[in-house]
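Okay, structure.cif is below, mmCIF, C-alpha atoms and all ligand atoms:
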```cif
data_start
loop_
_atom_site.label_atom_id
_atom_site.label_comp_id
_atom_site.auth_asym_id
_atom_site.auth_seq_id
_atom_site.Cartn_x
_atom_site.Cartn_y
_atom_site.Cartn_z
CA MET A 76 0.00 0.00 0.00
CA ILE A 77 1.24 3.46 -0.81
CA ILE A 78 -0.34 6.75 0.24
CA LYS A 79 0.58 10.06 -1.29
CA PRO A 80 -1.06 13.24 0.00
CA VAL A 81 -1.53 16.11 -2.45
CA ILE A 82 -2.58 19.39 -0.85
CA VAL A 83 -4.92 21.23 -3.21
CA GLY A 84 -6.76 24.51 -3.57
CA TRP A 85 -7.42 27.62 -1.54
CA LEU A 86 -8.88 25.67 1.39
CA ARG A 87 -5.79 23.43 1.36
CA THR A 88 -7.71 20.18 1.12
CA ASN A 89 -5.74 17.01 1.72
CA CYS A 90 -6.38 14.86 -1.35
CA TYR A 91 -4.85 11.38 -1.14
CA ILE A 92 -3.64 8.92 -3.71
CA LEU A 93 -4.09 5.44 -2.23
CA GLY A 94 -2.27 2.87 -4.33
CA ASP A 95 -2.01 -0.91 -4.45
CA GLU A 96 1.59 -1.80 -5.20
CA ALA A 97 0.73 -5.29 -6.47
CA THR A 98 -1.49 -4.09 -9.32
CA LYS A 99 -0.24 -0.50 -9.67
CA THR A 100 -3.81 0.76 -9.40
CA CYS A 101 -4.98 3.58 -7.20
CA ALA A 102 -7.91 5.41 -5.73
CA ILE A 103 -8.07 9.17 -5.41
CA ILE A 104 -9.72 10.32 -2.22
CA ASP A 105 -11.24 13.82 -2.26
CA PRO A 106 -9.88 15.46 -5.43
CA GLY A 107 -10.95 18.92 -4.30
CA GLN A 108 -9.18 21.07 -6.87
CA LYS A 109 -6.13 21.09 -9.13
CA ALA A 110 -6.81 18.03 -11.26
CA ASP A 111 -3.57 18.69 -13.15
CA GLN A 112 -1.52 18.57 -9.96
CA ILE A 113 -3.21 15.34 -8.82
CA LEU A 114 -2.84 13.69 -12.22
CA ALA A 115 0.83 14.69 -12.36
CA ALA A 116 1.39 13.02 -8.98
CA VAL A 117 -0.36 9.87 -10.24
CA ALA A 118 1.72 9.88 -13.42
CA GLU A 119 4.91 10.22 -11.41
CA LEU A 120 3.93 7.12 -9.44
CA GLY A 121 2.98 5.31 -12.65
CA TYR A 122 -0.36 4.11 -11.28
CA GLU A 123 -3.70 3.67 -13.02
CA VAL A 124 -6.63 5.51 -11.38
CA LYS A 125 -9.56 3.12 -10.84
CA LEU A 126 -11.64 4.85 -8.18
CA ILE A 127 -12.56 8.26 -6.86
CA LEU A 128 -13.81 8.03 -3.29
CA LEU A 129 -15.46 11.06 -1.72
CA THR A 130 -15.56 11.43 2.06
CA HIS A 131 -18.38 13.94 1.55
CA GLY A 132 -19.85 16.28 -1.04
CA HIS A 133 -18.49 19.71 -0.11
CA TYR A 134 -17.07 21.65 -3.02
CA ASP A 135 -13.53 21.76 -1.68
CA HIS A 136 -13.41 17.94 -1.81
CA VAL A 137 -15.01 17.32 -5.22
CA MET A 138 -14.30 20.07 -7.74
CA ALA A 139 -11.60 18.14 -9.64
CA VAL A 140 -13.76 15.00 -9.99
CA PRO A 141 -15.03 15.65 -13.55
CA GLN A 142 -11.57 16.37 -14.96
CA ILE A 143 -10.09 13.29 -13.34
CA VAL A 144 -12.94 11.10 -14.62
CA LYS A 145 -12.40 12.54 -18.09
CA ALA A 146 -8.67 11.82 -17.97
CA THR A 147 -8.81 8.36 -16.38
CA GLY A 148 -12.32 6.86 -16.60
CA ALA A 149 -12.26 6.28 -12.83
CA LYS A 150 -15.50 5.27 -11.08
CA VAL A 151 -16.94 7.74 -8.59
CA TYR A 152 -18.38 6.82 -5.19
CA ILE A 153 -20.15 8.98 -2.60
CA HIS A 154 -22.76 8.38 0.09
CA LYS A 155 -26.29 8.87 -1.26
CA LYS A 156 -27.10 11.52 1.35
CA ASP A 157 -24.35 13.79 -0.03
CA GLN A 158 -25.09 13.41 -3.73
CA TRP A 159 -27.20 16.59 -3.78
CA LEU A 160 -24.16 18.61 -2.72
CA LEU A 161 -22.51 17.83 -6.07
CA GLU A 162 -25.09 20.02 -7.75
CA CYS A 163 -25.53 22.75 -5.18
CA ASP A 164 -24.82 26.39 -5.99
CA GLU A 165 -21.49 26.60 -4.24
CA VAL A 166 -19.83 23.76 -6.10
CA LEU A 167 -21.27 24.90 -9.42
CA ARG A 168 -20.09 28.46 -8.87
CA TYR A 169 -16.60 27.72 -7.57
CA GLY A 170 -16.17 24.55 -9.58
CA THR A 171 -17.15 26.04 -12.90
CA ARG A 172 -14.84 28.95 -12.41
CA ALA A 173 -11.87 27.02 -11.07
CA GLU A 174 -12.03 23.67 -12.79
CA GLY A 175 -14.60 23.58 -15.58
CA TYR A 176 -16.82 21.58 -13.26
CA THR A 177 -19.82 19.61 -14.47
CA VAL A 178 -21.97 17.49 -12.17
CA PRO A 179 -20.27 14.08 -12.14
CA HIS A 180 -21.97 10.79 -12.84
CA ILE A 181 -22.00 8.63 -9.70
CA ASP A 182 -21.10 4.98 -10.28
CA GLY A 183 -21.96 3.70 -6.83
CA PHE A 184 -23.20 4.80 -3.43
CA LEU A 185 -21.09 4.18 -0.36
CA GLU A 186 -22.71 2.17 2.40
CA ASP A 187 -21.75 1.67 5.99
CA GLY A 188 -19.77 -1.52 6.49
CA GLN A 189 -19.12 -2.04 2.79
CA THR A 190 -15.69 -3.20 1.61
CA ILE A 191 -14.38 -1.80 -1.66
CA LYS A 192 -11.66 -3.71 -3.50
CA LEU A 193 -8.71 -1.87 -4.97
CA GLY A 194 -6.36 -4.44 -6.47
CA GLU A 195 -5.34 -6.50 -3.47
CA LEU A 196 -6.38 -3.83 -0.96
CA ASP A 197 -9.63 -3.79 1.00
CA ILE A 198 -11.08 -0.38 1.75
CA ARG A 199 -13.68 -0.42 4.51
CA VAL A 200 -16.39 2.23 4.52
CA LEU A 201 -17.82 3.71 7.71
CA HIS A 202 -20.76 6.11 7.44
CA THR A 203 -19.96 8.89 9.91
CA PRO A 204 -22.63 11.62 9.72
CA GLY A 205 -22.21 14.92 11.55
CA HIS A 206 -20.19 17.28 9.35
CA THR A 207 -22.64 16.35 6.60
CA ALA A 208 -25.34 13.68 6.60
CA GLY A 209 -23.40 11.59 4.11
CA CYS A 210 -19.88 11.80 5.52
CA CYS A 211 -17.81 8.63 5.33
CA VAL A 212 -14.47 7.50 6.70
CA PHE A 213 -12.31 5.00 4.80
CA LEU A 214 -10.12 2.43 6.52
CA CYS A 215 -7.35 0.66 4.64
CA GLY A 216 -4.62 -1.24 6.47
CA ASP A 217 -3.41 1.04 9.25
CA ALA A 218 -4.72 4.19 7.52
CA MET A 219 -7.90 6.06 8.40
CA PHE A 220 -8.99 8.65 5.82
CA SER A 221 -11.14 10.71 8.13
CA GLY A 222 -12.35 13.46 5.78
CA ASP A 223 -13.87 16.37 7.69
CA THR A 224 -15.19 14.10 10.45
CA LEU A 225 -12.00 13.88 12.51
CA PHE A 226 -9.18 16.43 12.47
CA GLN A 227 -6.05 16.63 14.58
CA GLU A 228 -7.39 17.70 18.00
CA CYS A 229 -10.62 18.87 16.38
CA CYS A 230 -13.54 17.80 14.22
CA GLY A 231 -15.44 19.19 11.24
CA ARG A 232 -17.97 22.02 11.45
CA THR A 233 -21.51 20.96 12.21
CA ASP A 234 -23.27 24.24 11.39
CA LEU A 235 -23.48 23.74 7.61
CA GLU A 236 -26.49 22.32 5.72
CA THR A 237 -27.03 18.83 7.09
CA GLY A 238 -24.50 19.03 9.93
CA SER A 239 -25.30 17.83 13.43
CA LEU A 240 -23.22 18.05 16.59
CA GLU A 241 -25.08 15.10 18.11
CA ASP A 242 -24.33 13.00 15.06
CA ILE A 243 -20.65 13.91 14.84
CA LEU A 244 -20.14 13.05 18.51
CA LYS A 245 -21.70 9.63 17.88
CA SER A 246 -19.47 9.18 14.82
CA LEU A 247 -16.35 10.23 16.74
CA LYS A 248 -17.22 7.81 19.53
CA ARG A 249 -17.54 5.04 17.00
CA LEU A 250 -14.13 5.86 15.52
CA ALA A 251 -12.53 6.04 18.96
CA GLN A 252 -13.97 2.62 19.79
CA LEU A 253 -12.40 0.90 16.80
CA GLU A 254 -9.83 -1.65 17.83
CA GLY A 255 -6.15 -0.73 17.75
CA ASN A 256 -4.44 2.29 16.32
CA TYR A 257 -4.64 3.98 12.92
CA ARG A 258 -2.78 6.73 11.16
CA VAL A 259 -5.35 9.51 10.90
CA LEU A 260 -5.28 11.21 7.50
CA PRO A 261 -7.83 14.02 7.62
CA GLY A 262 -9.39 16.22 4.94
CA HIS A 263 -7.49 19.30 6.10
CA GLU A 264 -4.40 20.18 8.09
CA GLY A 265 -2.06 17.88 9.98
CA PHE A 266 -1.89 14.10 10.26
CA SER A 267 -2.37 12.33 13.55
CA SER A 268 -3.01 8.92 15.06
CA LEU A 269 -6.19 7.51 16.54
CA GLU A 270 -4.40 6.80 19.81
CA TYR A 271 -3.31 10.44 20.08
CA GLU A 272 -6.82 11.64 19.28
CA ARG A 273 -8.37 9.32 21.87
CA GLN A 274 -6.22 11.09 24.46
CA TYR A 275 -6.16 14.70 23.32
CA ASN A 276 -9.11 15.42 21.03
CA PRO A 277 -11.64 17.37 23.11
CA TYR A 278 -14.55 16.29 20.89
CA ILE A 279 -13.68 12.61 21.23
CA ARG A 280 -13.29 13.04 24.97
CA GLU A 281 -16.71 14.69 25.13
CA ALA A 282 -18.18 11.96 22.94
CA MET A 283 -16.80 9.26 25.24
CA ARG A 284 -18.37 10.89 28.30
CA ARG A 285 -21.84 10.47 26.78
FE FE B 1 -16.46 19.70 4.39
#
```
Give the structure from the file, written as structure tokens.
Amino acid sequence: MIIKPVIVGWLRTNCYILGDEATKTCAIIDPGQKADQILAAVAELGYEVKLILLTHGHYDHVMAVPQIVKATGAKVYIHKKDQWLLECDEVLRYGTRAEGYTVPHIDGFLEDGQTIKLGELDIRVLHTPGHTAGCCVFLCGDAMFSGDTLFQECCGRTDLETGSLEDILKSLKRLAQLEGNYRVLPGHEGFSSLEYERQYNPYIREAMRR
């Protein structure tokens, strides 16, 4: 397994290339902007893009999807509850201006507990509502792609559209109760570990008190 972060756009979204070394295929998680930069990183690795996995539908995580689909034919997955965000005003306005965005075709909806195959890798999907109703976290090996659900010592905003503080606390509790440790690779800012977050993340600590 290889993981290459690519930091993209004015909100500095952490996009990730998750690759299977055995088959030289990869998934792109949250291509928020800068399709050219992401595709250049993929080309440098020499991997074939099979999947685009979206942790949620906010514009800063999805605007480069159409260009990457056009260039690679990758299949796009998002949770059903966030599909509407792909055609909301914000993404159309920013996306059209920045990336020539058109509403992408969705090839499959993410479901809680589902396992997605990428070459010889298994990617496990957890539905973690709270930042949006359709937020998901992806687990692969020792990596947790936590989107805007879990940040280093913080969590995603819950005051937008379908956000809910109650829901995100439940989702954070569920993540904290997973067995063992994971590298936490969030949608913005610094990387962390689940063990560190169990100890120092005030939202996880609050969630565990409930
Ligand atoms: Fe977001």
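Nearest residue to His180 (chain A) among A:Cys229, A:Ile127, A:Ala118, A:Cys163 is A:Ile127, counting only C-alpha atoms.
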Residues within 10 Å of Arg284 (chain A), all atoms listed in the file, excluding chain neighbours under 5 positions, as a list in words: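 So, after excluding close chain neighbours, the residues are Lys248, Tyr278 and Ile279 of chain A.
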Thr171 (chain A) environment, 12 Å, all atoms listed in the file, sequence neighbours closer than 5 positions dropped, as a list in words: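 With the cut-off at 12 Å, the set is Gln108, Tyr134, Val137, Met138, Ala139, Val140, Pro141, Gln142, Leu161, Glu162, Cys163, Asp164, Glu165, Val166, Tyr176, Thr177 and Val178 of chain A.
Distances to ligand FE 1 (chain B) were evaluated for A:Tyr152, A:Tyr91, A:Tyr169, A:Phe226 using all atoms listed in the file, and the minimum falls at A:Phe226.
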Proximity to Pro204 (chain A) - best of A:Leu240, A:Ala97, A:Val117, A:Ile181, all atoms listed in the file: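 Using all atoms listed in the file, Pro204 (chain A) sits closest to A:Leu240.
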Protein and nucleic residues near ligand FE 1 (chain B), 12 Å, all atoms listed in the file, as number ranges by chain: A: 86-89, 105, 107, 129-137, 157, 160, 166, 204-211, 221-226, 230-238, 261-263
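Across A:Asp182, A:Glu96, A:Asp197, A:Glu174, the tightest approach to Ala149 (chain A) is made by A:Asp182 when counting all atoms listed in the file.
If only C-alpha atoms are the atoms counted, then among A:Ala116, A:His154, A:Leu196, A:Ile191 the closest residue to Thr100 (chain A) is A:Leu196.
Closest approach to Leu250 (chain A) from the set A:Thr203, A:Thr190, A:Ser267, A:Thr98 is made by A:Thr203, with distances taken over only C-alpha atoms.
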Atom pair CA of Gln252 (chain A) / CA of Gly188 (chain A): separation (Å):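 Interatomic distance here is 15.1 Å.
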Atom-to-atom span, CA of Asp111 (chain A) and CA of Val83 (chain A), Å: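 Calculated distance between CA of Asp111 (chain A) and CA of Val83 (chain A) is 10.3 Å.
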Can you fill out region 116-140 of chain A with N, CA and C atoms and hand it back as a short mmCIF file (atom, residue, chain, number, x, y, z; two decimals), in the coordinates of the input?
```cif
data_model
loop_
_atom_site.label_atom_id
_atom_site.label_comp_id
_atom_site.auth_asym_id
_atom_site.auth_seq_id
_atom_site.Cartn_x
_atom_site.Cartn_y
_atom_site.Cartn_z
N ALA A 116 0.88 13.87 -10.07
CA ALA A 116 1.39 13.02 -8.98
C ALA A 116 1.13 11.55 -9.28
N VAL A 117 -0.03 11.25 -9.86
CA VAL A 117 -0.36 9.87 -10.24
C VAL A 117 0.60 9.39 -11.33
N ALA A 118 0.85 10.25 -12.30
CA ALA A 118 1.72 9.88 -13.42
C ALA A 118 3.14 9.61 -12.92
N GLU A 119 3.58 10.41 -11.97
CA GLU A 119 4.91 10.22 -11.41
C GLU A 119 5.03 8.85 -10.73
N LEU A 120 3.94 8.43 -10.10
CA LEU A 120 3.93 7.12 -9.44
C LEU A 120 3.81 5.99 -10.47
N GLY A 121 3.21 6.31 -11.62
CA GLY A 121 2.98 5.31 -12.65
C GLY A 121 1.81 4.39 -12.34
N TYR A 122 0.81 4.91 -11.64
CA TYR A 122 -0.36 4.11 -11.28
C TYR A 122 -1.54 4.44 -12.19
N GLU A 123 -2.46 3.46 -12.26
CA GLU A 123 -3.70 3.67 -13.02
C GLU A 123 -4.83 4.01 -12.03
N VAL A 124 -5.56 5.09 -12.29
CA VAL A 124 -6.63 5.51 -11.38
C VAL A 124 -7.90 4.71 -11.66
N LYS A 125 -8.34 3.94 -10.68
CA LYS A 125 -9.56 3.12 -10.84
C LYS A 125 -10.77 3.75 -10.15
N LEU A 126 -10.52 4.39 -9.01
CA LEU A 126 -11.64 4.85 -8.18
C LEU A 126 -11.44 6.28 -7.73
N ILE A 127 -12.55 6.98 -7.58
CA ILE A 127 -12.56 8.26 -6.86
C ILE A 127 -13.52 8.08 -5.69
N LEU A 128 -13.00 8.22 -4.49
CA LEU A 128 -13.81 8.03 -3.29
C LEU A 128 -13.96 9.38 -2.59
N LEU A 129 -15.20 9.75 -2.31
CA LEU A 129 -15.46 11.06 -1.72
C LEU A 129 -15.92 10.89 -0.28
N THR A 130 -15.17 11.52 0.64
CA THR A 130 -15.56 11.43 2.06
C THR A 130 -16.86 12.18 2.30
N HIS A 131 -17.11 13.21 1.49
CA HIS A 131 -18.38 13.94 1.55
C HIS A 131 -18.47 14.85 0.33
N GLY A 132 -19.59 15.58 0.22
CA GLY A 132 -19.85 16.28 -1.04
C GLY A 132 -19.49 17.75 -1.07
N HIS A 133 -18.81 18.28 -0.08
CA HIS A 133 -18.49 19.71 -0.11
C HIS A 133 -17.56 20.05 -1.28
N TYR A 134 -17.75 21.27 -1.77
CA TYR A 134 -17.07 21.65 -3.02
C TYR A 134 -15.55 21.53 -2.95
N ASP A 135 -15.00 21.79 -1.77
CA ASP A 135 -13.53 21.76 -1.68
C ASP A 135 -12.97 20.33 -1.68
N HIS A 136 -13.86 19.34 -1.74
CA HIS A 136 -13.41 17.94 -1.81
C HIS A 136 -13.74 17.28 -3.16
N VAL A 137 -14.48 18.00 -4.02
CA VAL A 137 -15.01 17.32 -5.22
C VAL A 137 -14.78 18.05 -6.55
N MET A 138 -14.28 19.27 -6.51
CA MET A 138 -14.30 20.07 -7.74
C MET A 138 -13.45 19.50 -8.88
N ALA A 139 -12.44 18.70 -8.56
CA ALA A 139 -11.60 18.14 -9.64
C ALA A 139 -12.13 16.79 -10.14
N VAL A 140 -13.25 16.33 -9.59
CA VAL A 140 -13.76 15.00 -9.99
C VAL A 140 -13.99 14.90 -11.51
#
```
